[in-house]
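Peer 1: Got work.cif for you, mmCIF, C-alpha atoms:
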data_run
loop_
_atom_site.label_atom_id
_atom_site.label_comp_id
_atom_site.auth_asym_id
_atom_site.auth_seq_id
_atom_site.Cartn_x
_atom_site.Cartn_y
_atom_site.Cartn_z
CA MET A 1 11.28 16.36 13.22
CA ALA A 2 12.46 16.70 9.66
CA GLY A 3 13.32 19.95 7.96
CA PHE A 4 10.67 22.55 8.75
CA ASP A 5 8.16 20.12 10.23
CA LYS A 6 7.93 21.35 13.84
CA ARG A 7 5.16 18.97 14.91
CA VAL A 8 5.54 16.78 17.97
CA TYR A 9 2.96 14.27 19.11
CA SER A 10 3.29 14.05 22.88
CA TYR A 11 3.61 16.59 25.64
CA GLU A 12 6.60 14.66 26.93
CA GLU A 13 8.35 15.34 23.62
CA ALA A 14 7.10 18.94 23.62
CA MET A 15 8.88 19.78 26.89
CA ASP A 16 11.93 17.58 26.28
CA GLY A 17 15.06 19.19 27.73
CA ILE A 18 13.49 21.26 30.50
CA GLU A 19 15.54 21.06 33.66
CA SER A 20 15.53 22.42 37.18
CA GLY A 21 16.94 25.94 37.49
CA MET A 22 15.82 27.03 34.02
CA THR A 23 14.05 30.23 33.00
CA VAL A 24 10.60 29.80 31.45
CA ILE A 25 8.66 32.56 29.70
CA ALA A 26 4.91 31.97 29.51
CA GLY A 27 2.18 33.61 27.45
CA GLY A 28 -1.28 34.39 28.82
CA PHE A 29 -3.20 37.12 30.66
CA GLY A 30 -4.98 35.88 33.76
CA LEU A 31 -6.25 32.48 32.61
CA CYS A 32 -6.85 33.70 29.03
CA GLY A 33 -4.57 32.17 26.42
CA ILE A 34 -2.39 30.22 28.83
CA PRO A 35 -0.45 27.13 27.67
CA GLU A 36 -2.35 24.95 30.09
CA ASN A 37 -1.13 21.52 28.92
CA LEU A 38 2.52 22.59 28.72
CA ILE A 39 2.22 23.83 32.31
CA SER A 40 0.73 20.48 33.34
CA GLU A 41 3.66 18.71 31.70
CA ILE A 42 6.12 20.86 33.68
CA LYS A 43 4.24 19.88 36.82
CA ARG A 44 4.36 16.18 35.86
CA ARG A 45 8.12 16.34 35.37
CA GLY A 46 8.64 17.84 38.82
CA VAL A 47 11.48 20.17 37.76
CA LYS A 48 12.22 22.75 40.44
CA ASP A 49 13.85 26.10 41.07
CA LEU A 50 12.29 27.60 37.95
CA THR A 51 12.42 31.30 37.17
CA VAL A 52 9.13 32.17 35.47
CA TRP A 53 8.24 35.26 33.45
CA SER A 54 4.51 35.67 33.09
CA ASN A 55 2.01 38.50 33.57
CA ASN A 56 0.22 36.53 36.31
CA CYS A 57 0.67 33.28 38.22
CA GLY A 58 -2.61 31.50 37.52
CA VAL A 59 -5.08 30.66 40.28
CA ASP A 60 -5.14 27.95 42.93
CA GLY A 61 -5.19 24.62 41.08
CA PHE A 62 -5.04 25.97 37.52
CA GLY A 63 -2.48 27.47 35.16
CA LEU A 64 0.84 28.40 36.72
CA GLY A 65 -0.86 27.97 40.10
CA LEU A 66 -0.30 24.23 39.56
CA LEU A 67 3.46 24.71 39.74
CA LEU A 68 3.14 26.26 43.20
CA GLU A 69 1.72 23.05 44.68
CA ASP A 70 5.11 21.31 44.65
CA LYS A 71 7.07 24.57 45.01
CA GLN A 72 8.54 24.35 41.52
CA ILE A 73 8.85 28.12 41.03
CA SER A 74 11.51 29.91 43.05
CA ARG A 75 11.21 33.28 41.34
CA ILE A 76 8.54 34.96 39.24
CA HIS A 77 8.57 38.19 37.25
CA ALA A 78 4.94 39.35 36.95
CA SER A 79 2.83 42.51 36.96
CA TYR A 80 -0.07 41.23 39.07
CA VAL A 81 -0.24 38.25 41.39
CA GLY A 82 -3.56 38.53 43.23
CA GLU A 83 -6.34 35.93 43.41
CA ASN A 84 -4.11 33.07 44.52
CA ALA A 85 -4.03 31.94 48.17
CA LEU A 86 -1.15 29.47 47.78
CA PHE A 87 0.92 32.14 46.09
CA GLU A 88 0.28 34.60 48.92
CA GLN A 89 1.30 32.01 51.47
CA GLN A 90 4.56 31.18 49.66
CA MET A 91 5.31 34.87 49.19
CA LEU A 92 4.80 35.57 52.92
CA ASN A 93 7.01 32.57 53.80
CA ASP A 94 9.73 33.80 51.41
CA GLU A 95 9.46 30.53 49.49
CA ILE A 96 8.97 32.40 46.24
CA GLU A 97 10.69 35.58 45.13
CA VAL A 98 8.43 38.01 43.32
CA VAL A 99 9.83 40.65 41.00
CA LEU A 100 6.88 42.93 40.33
CA THR A 101 7.27 44.44 36.89
CA PRO A 102 4.99 47.00 35.18
CA GLN A 103 2.89 45.23 32.57
CA GLY A 104 4.14 47.22 29.59
CA THR A 105 7.74 46.87 30.72
CA LEU A 106 7.23 43.11 31.08
CA ALA A 107 5.88 42.87 27.54
CA GLU A 108 8.70 45.01 26.18
CA LYS A 109 11.35 42.95 28.03
CA MET A 110 10.10 39.88 26.14
CA ARG A 111 9.79 41.70 22.82
CA ALA A 112 13.27 43.23 23.14
CA GLY A 113 14.79 39.93 24.28
CA GLY A 114 13.44 38.19 21.22
CA ALA A 115 14.60 41.03 18.97
CA GLY A 116 18.20 40.99 20.18
CA ILE A 117 17.96 44.24 22.13
CA PRO A 118 19.60 43.80 25.56
CA ALA A 119 17.99 46.78 27.28
CA PHE A 120 15.77 49.80 26.65
CA TYR A 121 14.86 53.11 28.27
CA THR A 122 11.31 53.73 29.47
CA ALA A 123 9.63 56.45 31.52
CA THR A 124 7.50 53.79 33.22
CA GLY A 125 8.54 53.45 36.86
CA TYR A 126 10.78 56.50 37.03
CA GLY A 127 10.52 58.10 40.49
CA THR A 128 8.87 54.95 41.92
CA PRO A 129 10.30 51.95 43.80
CA ILE A 130 10.61 50.18 40.42
CA GLY A 131 13.19 52.71 39.27
CA GLU A 132 15.40 52.42 42.36
CA GLY A 133 18.95 51.35 41.55
CA LYS A 134 18.38 51.54 37.80
CA GLU A 135 20.33 53.75 35.43
CA VAL A 136 18.52 57.01 34.62
CA ARG A 137 18.95 59.08 31.49
CA GLU A 138 17.30 62.25 30.33
CA PHE A 139 16.02 62.57 26.78
CA ASN A 140 14.30 65.78 25.64
CA GLY A 141 13.83 66.92 29.23
CA ARG A 142 12.21 63.72 30.47
CA HIS A 143 13.65 61.01 32.72
CA TYR A 144 13.83 57.38 31.68
CA ILE A 145 15.10 54.24 33.40
CA LEU A 146 17.10 51.47 31.79
CA GLU A 147 15.33 48.10 31.80
CA GLU A 148 17.03 44.88 30.70
CA SER A 149 15.34 42.45 28.35
CA VAL A 150 14.87 38.72 28.88
CA VAL A 151 15.54 35.52 26.95
CA GLY A 152 14.25 32.26 28.40
CA ASP A 153 15.59 28.73 28.19
CA PHE A 154 12.04 27.83 27.23
CA ALA A 155 9.06 29.83 26.04
CA ILE A 156 5.65 28.19 26.41
CA VAL A 157 2.92 29.58 24.22
CA LYS A 158 -0.77 28.99 23.49
CA GLY A 159 -1.94 29.60 19.91
CA TRP A 160 -5.19 28.99 18.08
CA LYS A 161 -4.06 27.50 14.78
CA ALA A 162 -0.65 26.62 13.40
CA ASP A 163 0.76 24.81 10.42
CA ARG A 164 3.59 22.27 10.50
CA TYR A 165 6.05 25.06 9.68
CA GLY A 166 5.33 26.63 13.06
CA ASN A 167 3.42 29.62 11.73
CA VAL A 168 0.90 30.58 14.41
CA VAL A 169 -2.26 32.65 14.68
CA TYR A 170 -3.94 33.61 17.95
CA ARG A 171 -7.63 34.05 18.64
CA ASP A 172 -9.11 37.26 20.07
CA THR A 173 -7.62 38.50 23.34
CA ALA A 174 -5.96 35.12 23.92
CA GLN A 175 -3.13 36.72 21.93
CA ASN A 176 -1.86 38.99 24.79
CA PHE A 177 1.71 38.05 25.78
CA ASN A 178 1.89 34.93 23.58
CA PRO A 179 3.55 36.33 20.44
CA LEU A 180 6.14 38.13 22.61
CA ALA A 181 6.94 35.03 24.64
CA ALA A 182 7.23 33.09 21.37
CA THR A 183 10.14 35.25 20.20
CA ALA A 184 12.05 35.09 23.48
CA GLY A 185 12.69 31.38 24.08
CA LYS A 186 15.89 29.51 23.23
CA ILE A 187 13.39 26.70 22.75
CA THR A 188 9.88 27.89 21.92
CA VAL A 189 7.05 25.41 22.28
CA VAL A 190 3.59 26.32 20.99
CA GLU A 191 0.45 24.34 21.75
CA VAL A 192 -2.55 25.03 19.55
CA GLU A 193 -6.15 23.98 19.15
CA GLU A 194 -5.66 22.89 15.57
CA ILE A 195 -2.75 22.11 13.27
CA VAL A 196 -3.90 22.94 9.76
CA GLU A 197 -2.52 22.02 6.34
CA PRO A 198 0.18 24.29 4.93
CA GLY A 199 -1.43 27.05 2.87
CA GLU A 200 -4.57 27.27 5.02
CA LEU A 201 -3.12 30.13 7.03
CA LYS A 202 -2.71 33.19 4.84
CA PRO A 203 0.92 34.38 4.93
CA ASP A 204 -0.10 37.96 5.62
CA GLN A 205 -2.28 36.92 8.57
CA ILE A 206 0.43 35.08 10.52
CA HIS A 207 1.00 36.52 14.02
CA THR A 208 4.09 34.43 14.88
CA PRO A 209 6.24 33.35 11.91
CA GLY A 210 7.61 29.82 12.19
CA ILE A 211 11.23 30.98 12.47
CA TYR A 212 10.62 31.64 16.18
CA VAL A 213 9.02 28.27 16.83
CA ASP A 214 10.80 24.99 17.61
CA ARG A 215 7.93 22.66 18.46
CA ILE A 216 4.21 22.62 17.72
CA ILE A 217 1.69 20.36 19.40
CA GLN A 218 -2.07 20.08 19.05
CA GLY A 219 -3.98 19.79 22.30
CA SER A 220 -7.37 20.20 23.88
CA PHE A 221 -8.05 22.98 26.35
CA GLU A 222 -10.28 23.61 29.34
CA LYS A 223 -10.11 27.43 28.91
CA ARG A 224 -11.31 28.23 32.38
CA ILE A 225 -12.98 31.65 32.81
CA GLU A 226 -11.79 33.72 35.77
CA LYS A 227 -14.56 36.35 35.90
CA ARG A 228 -17.66 35.41 33.95
CA THR A 229 -19.53 38.69 33.53
CA VAL A 230 -22.74 38.77 31.49
CA ARG A 231 -25.55 41.16 30.64
CA GLU A 232 -29.22 40.34 30.33
CA GLY A 233 -30.41 39.69 26.84
CA MET B 1 -23.66 66.06 49.54
CA ALA B 2 -20.70 64.06 48.40
CA LEU B 3 -21.05 62.62 44.91
CA THR B 4 -22.12 59.03 44.49
CA ARG B 5 -19.93 56.68 42.45
CA GLU B 6 -22.41 57.06 39.59
CA GLN B 7 -22.29 60.86 39.76
CA MET B 8 -18.50 60.74 39.74
CA ALA B 9 -18.64 58.61 36.60
CA MET B 10 -21.16 61.04 35.05
CA ARG B 11 -18.93 64.02 35.77
CA VAL B 12 -15.86 62.33 34.27
CA ALA B 13 -17.89 61.38 31.19
CA ARG B 14 -18.36 65.10 30.44
CA GLU B 15 -14.64 65.28 29.72
CA LEU B 16 -14.97 62.80 26.85
CA GLU B 17 -14.72 64.17 23.33
CA ASP B 18 -15.93 62.70 20.07
CA GLY B 19 -13.20 60.50 18.58
CA PHE B 20 -11.31 59.94 21.85
CA TYR B 21 -9.42 56.72 22.56
CA VAL B 22 -9.87 56.16 26.29
CA ASN B 23 -8.44 53.76 28.86
CA LEU B 24 -10.64 53.24 31.94
CA GLY B 25 -9.19 51.70 35.09
CA ILE B 26 -10.97 49.37 37.48
CA GLY B 27 -13.69 50.69 39.82
CA ILE B 28 -15.35 54.09 39.30
CA PRO B 29 -13.48 54.64 36.00
CA THR B 30 -15.17 51.52 34.58
CA LEU B 31 -18.58 53.09 35.29
CA VAL B 32 -17.75 56.02 33.00
CA ALA B 33 -18.56 53.75 30.05
CA ASN B 34 -22.22 53.83 31.15
CA TYR B 35 -22.47 57.63 30.79
CA ILE B 36 -20.91 58.39 27.42
CA PRO B 37 -22.93 61.39 26.17
CA ASP B 38 -25.22 60.93 23.16
CA GLY B 39 -23.69 61.84 19.86
CA ILE B 40 -20.16 61.15 21.06
CA ASP B 41 -18.23 58.13 19.87
CA VAL B 42 -15.28 56.91 21.94
CA MET B 43 -13.13 53.77 21.65
CA LEU B 44 -12.29 52.07 24.92
CA GLN B 45 -8.79 50.61 25.18
CA SER B 46 -8.24 47.57 27.38
CA GLU B 47 -4.54 47.02 28.02
CA ASN B 48 -4.62 43.25 27.58
CA GLY B 49 -4.83 44.01 23.86
CA LEU B 50 -8.27 45.27 22.83
CA LEU B 51 -9.12 48.63 21.31
CA GLY B 52 -12.89 48.97 20.96
CA MET B 53 -14.20 47.18 24.03
CA GLY B 54 -17.93 46.46 23.75
CA ARG B 55 -20.64 45.48 26.18
CA PHE B 56 -20.52 42.48 28.46
CA PRO B 57 -21.60 39.36 26.56
CA THR B 58 -24.96 37.64 26.89
CA GLU B 59 -24.73 34.15 28.36
CA ALA B 60 -24.71 32.79 24.78
CA GLU B 61 -21.93 35.15 23.69
CA VAL B 62 -19.51 34.32 26.52
CA ASP B 63 -16.11 33.41 25.07
CA PRO B 64 -13.09 32.54 27.26
CA ASP B 65 -10.80 34.07 24.62
CA MET B 66 -12.49 37.50 24.97
CA ILE B 67 -11.72 39.29 28.21
CA ASN B 68 -10.85 42.80 29.36
CA ALA B 69 -7.96 43.93 31.53
CA GLY B 70 -10.06 43.22 34.63
CA LYS B 71 -10.26 39.59 33.38
CA GLN B 72 -14.03 39.92 32.86
CA THR B 73 -15.64 38.38 29.81
CA VAL B 74 -16.39 41.08 27.27
CA THR B 75 -17.27 41.68 23.61
CA ALA B 76 -15.62 43.69 20.86
CA ARG B 77 -17.57 46.53 19.20
CA HIS B 78 -17.67 47.39 15.52
CA GLY B 79 -14.35 48.86 14.52
CA ALA B 80 -12.42 47.06 17.25
CA ALA B 81 -8.85 45.83 16.90
CA ILE B 82 -7.03 43.13 18.87
CA PHE B 83 -3.26 42.93 19.29
CA SER B 84 -0.42 41.80 21.53
CA SER B 85 0.49 43.22 24.94
CA ALA B 86 3.60 44.89 23.46
CA GLU B 87 1.46 46.65 20.85
CA SER B 88 -1.03 47.63 23.52
CA PHE B 89 1.61 49.28 25.67
CA ALA B 90 3.26 50.84 22.64
CA MET B 91 0.05 52.82 22.15
CA ILE B 92 -0.12 53.62 25.87
CA ARG B 93 3.55 54.49 26.40
CA GLY B 94 3.72 56.27 23.06
CA GLY B 95 1.03 58.73 24.13
CA HIS B 96 -1.59 57.66 21.59
CA VAL B 97 -4.38 57.22 24.14
CA ASP B 98 -6.34 60.49 24.47
CA LEU B 99 -7.58 60.07 28.02
CA THR B 100 -6.82 57.76 30.92
CA VAL B 101 -9.08 57.54 33.95
CA LEU B 102 -7.84 55.69 37.01
CA GLY B 103 -8.21 55.46 40.76
CA ALA B 104 -5.65 56.33 43.44
CA PHE B 105 -4.93 56.07 47.17
CA GLU B 106 -3.21 59.47 47.21
CA VAL B 107 -2.25 62.29 44.87
CA ASP B 108 -0.18 65.34 45.69
CA GLN B 109 0.14 68.95 44.55
CA HIS B 110 3.10 68.02 42.33
CA GLY B 111 1.05 65.58 40.30
CA ASN B 112 2.52 62.49 41.94
CA ILE B 113 0.21 59.49 42.32
CA ALA B 114 0.27 56.50 44.67
CA SER B 115 -2.14 53.75 43.74
CA TRP B 116 -0.54 50.31 43.89
CA MET B 117 1.08 49.53 47.20
CA ILE B 118 0.44 49.93 50.90
CA PRO B 119 3.54 48.81 52.81
CA GLY B 120 2.77 46.15 55.38
CA LYS B 121 -0.26 44.96 53.43
CA LEU B 122 -0.25 42.22 50.84
CA ILE B 123 1.10 43.57 47.58
CA LYS B 124 -0.55 42.26 44.46
CA GLY B 125 1.23 44.31 41.82
CA MET B 126 0.86 47.38 39.66
CA GLY B 127 -0.48 45.68 36.54
CA GLY B 128 -0.47 48.33 33.80
CA ALA B 129 -0.94 51.38 36.05
CA MET B 130 2.69 52.57 35.97
CA ASP B 131 2.79 52.41 32.17
CA LEU B 132 -0.55 54.21 31.92
CA VAL B 133 0.44 57.14 34.12
CA ALA B 134 3.86 57.42 32.47
CA GLY B 135 2.44 57.38 28.97
CA ALA B 136 -0.71 59.48 29.09
CA GLU B 137 -0.65 63.26 28.90
CA ASN B 138 -4.28 63.49 29.85
CA ILE B 139 -5.15 61.68 33.06
CA ILE B 140 -8.12 62.07 35.38
CA CYS B 141 -7.75 60.54 38.80
CA THR B 142 -10.97 59.48 40.54
CA MET B 143 -10.89 58.97 44.29
CA THR B 144 -12.55 59.89 47.56
CA HIS B 145 -11.31 63.23 48.87
CA ALA B 146 -10.52 61.86 52.32
CA SER B 147 -10.39 58.53 54.14
CA LYS B 148 -13.25 57.32 56.30
CA HIS B 149 -11.38 58.81 59.24
CA GLY B 150 -11.29 62.23 57.60
CA GLU B 151 -7.66 62.09 56.53
CA SER B 152 -7.02 63.96 53.30
CA LYS B 153 -5.84 62.03 50.25
CA LEU B 154 -4.90 65.24 48.41
CA LEU B 155 -1.50 65.90 49.89
CA GLU B 156 1.54 68.14 49.79
CA GLN B 157 3.63 65.03 49.20
CA CYS B 158 2.43 61.44 48.76
CA ASN B 159 3.26 59.19 51.72
CA LEU B 160 2.83 55.86 49.93
CA PRO B 161 5.23 54.50 47.28
CA LEU B 162 4.53 56.21 43.97
CA THR B 163 2.98 54.80 40.83
CA GLY B 164 4.24 57.77 38.82
CA ALA B 165 5.91 61.12 39.37
CA GLY B 166 4.54 64.46 38.20
CA CYS B 167 1.99 62.91 35.85
CA ILE B 168 -1.49 63.74 37.18
CA ASN B 169 -3.14 66.98 36.07
CA ARG B 170 -6.81 66.48 36.99
CA VAL B 171 -8.57 64.95 39.98
CA LEU B 172 -12.24 64.25 40.52
CA THR B 173 -13.12 63.42 44.09
CA ASP B 174 -16.50 62.88 45.70
CA LEU B 175 -16.34 66.54 46.80
CA ALA B 176 -14.65 68.48 44.04
CA TYR B 177 -13.11 68.70 40.59
CA LEU B 178 -9.58 70.05 40.69
CA GLU B 179 -6.65 70.73 38.41
CA ILE B 180 -3.04 70.29 39.45
CA LYS B 181 -0.54 72.82 38.17
CA ASP B 182 2.34 74.95 39.43
CA GLY B 183 2.62 72.91 42.62
CA ALA B 184 -0.97 73.35 43.79
CA PHE B 185 -4.49 71.98 43.54
CA HIS B 186 -6.78 74.46 41.77
CA LEU B 187 -10.41 74.11 42.77
CA LYS B 188 -12.61 74.16 39.66
CA GLU B 189 -15.98 72.81 40.76
CA ARG B 190 -17.59 71.57 43.93
CA ALA B 191 -20.15 68.82 44.53
CA PRO B 192 -23.73 70.05 45.03
CA GLY B 193 -24.17 71.42 48.54
CA VAL B 194 -20.49 71.07 49.47
CA SER B 195 -18.90 74.33 50.59
CA VAL B 196 -15.46 75.63 49.69
CA GLU B 197 -14.65 75.55 53.41
CA GLU B 198 -15.41 71.83 53.66
CA ILE B 199 -13.14 71.15 50.69
CA GLN B 200 -10.42 73.35 52.13
CA GLU B 201 -10.71 71.49 55.43
CA LEU B 202 -10.14 68.10 53.78
CA THR B 203 -7.36 69.16 51.41
CA ALA B 204 -3.93 68.80 53.01
CA GLY B 205 -2.05 70.01 49.92
CA LYS B 206 -1.89 73.61 48.75
CA LEU B 207 -5.31 74.63 47.44
CA VAL B 208 -5.93 77.61 45.17
CA VAL B 209 -9.53 78.82 45.33
CA PRO B 210 -10.87 81.28 42.74
CA ASP B 211 -13.47 83.89 43.64
CA HIS B 212 -16.27 81.84 42.21
CA VAL B 213 -16.40 78.02 42.39
CA PRO B 214 -19.37 76.66 40.42
CA GLU B 215 -21.44 73.82 41.78
CA MET B 216 -21.77 70.69 39.66
CA THR B 217 -25.25 69.95 38.41
CA PHE B 218 -26.81 66.57 37.71
CA GLU B 219 -30.13 65.77 36.10
CA ALA B 220 -32.44 64.06 38.53
#
Take the structure from the file and write it as structure tokens.
Peer 2:
Amino acid sequence: MAGFDKRVYSYEEAMDGIESGMTVIAGGFGLCGIPENLISEIKRRGVKDLTVWSNNCGVDGFGLGLLLEDKQISRIHASYVGENALFEQQMLNDEIEVVLTPQGTLAEKMRAGGAGIPAFYTATGYGTPIGEGKEVREFNGRHYILEESVVGDFAIVKGWKADRYGNVVYRDTAQNFNPLAATAGKITVVEVEEIVEPGELKPDQIHTPGIYVDRIIQGSFEKRIEKRTVREG
Amino acid sequence: MALTREQMAMRVARELEDGFYVNLGIGIPTLVANYIPDGIDVMLQSENGLLGMGRFPTEAEVDPDMINAGKQTVTARHGAAIFSSAESFAMIRGGHVDLTVLGAFEVDQHGNIASWMIPGKLIKGMGGAMDLVAGAENIICTMTHASKHGESKLLEQCNLPLTGAGCINRVLTDLAYLEIKDGAFHLKERAPGVSVEEIQELTAGKLVVPDHVPEMTFEA
């Protein structure tokens, strides 16, 4: 890796340095735009006791669901964790701690973490179990709770195209949490469908500027669909 | 007769205005998209990062990178925009969405809503519901008026853990259309053939009934 060339050529190299007990922030919504090969590499390495920040936890046998098989995740911060039998079982057995977090608060925790903002006030969750024990302040007659941001040891991200400088663009709704996760990792690893020549991505169309990105790898993706819904026609 | 799910969606659709940005929750709210009145253009917001949700795709159009917040494959309409989850909730939390329609287990006369958790049952999470109810000024809650056992879901005080406090101002049930203000449910309309007495019977919270309560009408 010389200068601004962020490219790596194996998944082993891409996840170099990940250890048990670390915090990992992952992009994706359901199975859409998840860093599927980086997750598989974490599974292969067998690191344990991970704290994961992700909107969801995959499904049985795919996405972050893979990391449940060998009990690699000890805590997850997520907004919705349905559709996963193994997850339910581990939750009921207290083998995994679940910190349910409102979706917008989860996104903002990542955004703020990456932007150097340690905490922020939001009305979301005030007067609910989510607000219990959190600092409350009133602004203009409304109540807000203080939510702390997050920075991960690693951020794992799925992009569409990138250049060697680590500039990334996302495709359609596979964007979701990815650009936020990308800002919030001490080491940010982005896997993409295609690494293009510098200059092919227009500077004003970049979603994630390369300054946030440490490693880029090109991979191939299954892109499993969770709920295929079609109309006649 | 209690309203069908389709009639509930039809009634909610009458609250849409030309140029509205609207977020529709899962279930009956989703059906509202099928009854947008002619001559009215609305943009549907899907909180995974899509403003301008279109129809479901044909088999040939299916794209794993295009889904809605219910994780269903979907298309984007003309004029759509796609963005990150932080941007999506900035528009929700910032009050830029004109109307939010969502379901609930319970609402109460103070505008509190419980929709995400039943203690003792498996808890799957709140998704974006807490952000939606905290951010929107204009929310319609769609729900059945009472449980199958005849227990009211329109209460003095919610029993279940809340999704949001003091945020709901309109409720459409299978029996009635009501507004919540000044610590009471105000009966505005009743389902065809449903009497004020029946609604009163199944409303545990404080109910204000005007002299005349019009009956909803639906084209056959």
Peer 1: Give the answer as one residue: which of B:Phe89, B:Phe105, B:Glu47, B:Tyr21 has the shortest atom-to-atom distance to Lys109 in chain A, using all atoms listed in the file?
Peer 2: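 Smallest separation from Lys109 in chain A among the options: B:Phe89.
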Peer 1: Between CA of Asp63 in chain B and CA of Val192 in chain A, what is the spacing in Å?
Peer 2: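 That distance, rounded to one decimal, is 16.9 Å.
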Peer 1: Got a sec: who's within 9 Å of Ala107 in chain A, counting all atoms listed in the file, leaving out chain neighbours fewer than 6 positions off, as number ranges by chain?
Peer 2: A: 55, 177, 180-181; B: 84-87, 89
Peer 1: Just say which residues the PyMOL selection byres ((chain A and resi 123) around 6) picks in this file, as a VMD selection string.
Peer 2: (chain A and resid 122 124 126 144) or (chain B and resid 134)
Peer 1: I'd like the contact shell of range 182-185 of chain B - 9 Å cut-off, all atoms listed in the file, skipping same-chain residues fewer than 2 positions apart - returned as a ChimeraX atom specification.
Peer 2: /B:108-111,154,156,170-171,178-180,187,203,205-209
Peer 1: On this structure, the PyMOL selection byres ((chain A) within 8 of (chain B)) would catch which residues? List them as a compact mmCIF listing (two decimals) with C-alpha atoms, in the frame of the given file, sorted by chain and number.
Peer 2:
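Heads up, here's the output in out_29.txt:
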# COMPACT_ATOMS: atom_id res chain seq x y z
CA PHE A 29 -3.20 37.12 30.66
CA GLY A 30 -4.98 35.88 33.76
CA CYS A 32 -6.85 33.70 29.03
CA GLY A 33 -4.57 32.17 26.42
CA ALA A 78 4.94 39.35 36.95
CA SER A 79 2.83 42.51 36.96
CA TYR A 80 -0.07 41.23 39.07
CA VAL A 81 -0.24 38.25 41.39
CA GLY A 82 -3.56 38.53 43.23
CA GLU A 88 0.28 34.60 48.92
CA LEU A 100 6.88 42.93 40.33
CA THR A 101 7.27 44.44 36.89
CA PRO A 102 4.99 47.00 35.18
CA GLN A 103 2.89 45.23 32.57
CA GLY A 104 4.14 47.22 29.59
CA THR A 105 7.74 46.87 30.72
CA ALA A 107 5.88 42.87 27.54
CA GLU A 108 8.70 45.01 26.18
CA ARG A 111 9.79 41.70 22.82
CA ALA A 123 9.63 56.45 31.52
CA THR A 124 7.50 53.79 33.22
CA GLY A 125 8.54 53.45 36.86
CA TYR A 126 10.78 56.50 37.03
CA GLY A 127 10.52 58.10 40.49
CA THR A 128 8.87 54.95 41.92
CA PRO A 129 10.30 51.95 43.80
CA ARG A 171 -7.63 34.05 18.64
CA ASP A 172 -9.11 37.26 20.07
CA THR A 173 -7.62 38.50 23.34
CA ALA A 174 -5.96 35.12 23.92
CA GLN A 175 -3.13 36.72 21.93
CA ASN A 176 -1.86 38.99 24.79
CA PHE A 177 1.71 38.05 25.78
CA ASN A 178 1.89 34.93 23.58
CA PRO A 179 3.55 36.33 20.44
CA LEU A 180 6.14 38.13 22.61
CA LYS A 223 -10.11 27.43 28.91
CA ARG A 224 -11.31 28.23 32.38
CA ILE A 225 -12.98 31.65 32.81
CA GLU A 226 -11.79 33.72 35.77
CA LYS A 227 -14.56 36.35 35.90
CA ARG A 228 -17.66 35.41 33.95
CA THR A 229 -19.53 38.69 33.53
CA VAL A 230 -22.74 38.77 31.49
CA ARG A 231 -25.55 41.16 30.64
CA GLU A 232 -29.22 40.34 30.33
CA GLY A 233 -30.41 39.69 26.84
Peer 1: Excluding same-chain residues fewer than 6 positions from Ala14 in chain A, what lies within 12 Å of it counting all atoms listed in the file, as a list in words?
Peer 2: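 So, after excluding close chain neighbours, the residues are Met1, Lys6, Arg7, Val8, Pro35, Asn37, Leu38, Ile39, Ser40, Glu41, Ile42, Phe154, Ala155, Ile156, Val157, Ile187, Thr188, Val189, Val190, Glu191, Val213, Asp214, Arg215, Ile216, Ile217, Gln218 and Gly219 of chain A.
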Peer 1: Taking the file as shown, what set of residues would the PyMOL selection byres ((chain A and resi 57-69) around 7) give back, as a PDB file with C-alpha atoms, in the coordinates of the input?
Peer 2:
ATOM      1  CA  GLY A  30      -4.980  35.880  33.760  1.00  0.00           C
ATOM      2  CA  LEU A  31      -6.250  32.480  32.610  1.00  0.00           C
ATOM      3  CA  ILE A  34      -2.390  30.220  28.830  1.00  0.00           C
ATOM      4  CA  GLU A  36      -2.350  24.950  30.090  1.00  0.00           C
ATOM      5  CA  ILE A  39       2.220  23.830  32.310  1.00  0.00           C
ATOM      6  CA  LYS A  43       4.240  19.880  36.820  1.00  0.00           C
ATOM      7  CA  SER A  54       4.510  35.670  33.090  1.00  0.00           C
ATOM      8  CA  ASN A  56       0.220  36.530  36.310  1.00  0.00           C
ATOM      9  CA  ASP A  70       5.110  21.310  44.650  1.00  0.00           C
ATOM     10  CA  LYS A  71       7.070  24.570  45.010  1.00  0.00           C
ATOM     11  CA  GLN A  72       8.540  24.350  41.520  1.00  0.00           C
ATOM     12  CA  ILE A  73       8.850  28.120  41.030  1.00  0.00           C
ATOM     13  CA  VAL A  81      -0.240  38.250  41.390  1.00  0.00           C
ATOM     14  CA  GLU A  83      -6.340  35.930  43.410  1.00  0.00           C
ATOM     15  CA  ASN A  84      -4.110  33.070  44.520  1.00  0.00           C
ATOM     16  CA  ALA A  85      -4.030  31.940  48.170  1.00  0.00           C
ATOM     17  CA  LEU A  86      -1.150  29.470  47.780  1.00  0.00           C
ATOM     18  CA  PHE A  87       0.920  32.140  46.090  1.00  0.00           C
TER      19      PHE A  87
END
Peer 1: Quick one, how far is CA of Pro37 in chain B from CA of Met143 in chain B?
Peer 2: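 Between CA of Pro37 in chain B and CA of Met143 in chain B the gap works out to 21.9 Å.
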Peer 1: Would you mind reading off the distance between CA of Glu137 in chain B and CA of Ala204 in chain B, one decimal, in Å?
Peer 2: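 Distance between the two atoms: 25.0 Å.
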Peer 1: Restricting the calculation to all atoms listed in the file, which member of B:Met1, B:Leu102, B:Leu175, B:Ile40 is positioned closest to Arg14 in chain B?
Peer 2: B:Ile40
Peer 1: Find the spatial neighbours of Leu24 in chain B, counting all atoms listed in the file, within a cut-off of 7 Å - ignore same-chain residues fewer than 5 positions away - and output them as an MDAnalysis selection string.
Peer 2: chainID B and resid 29:30 100:102
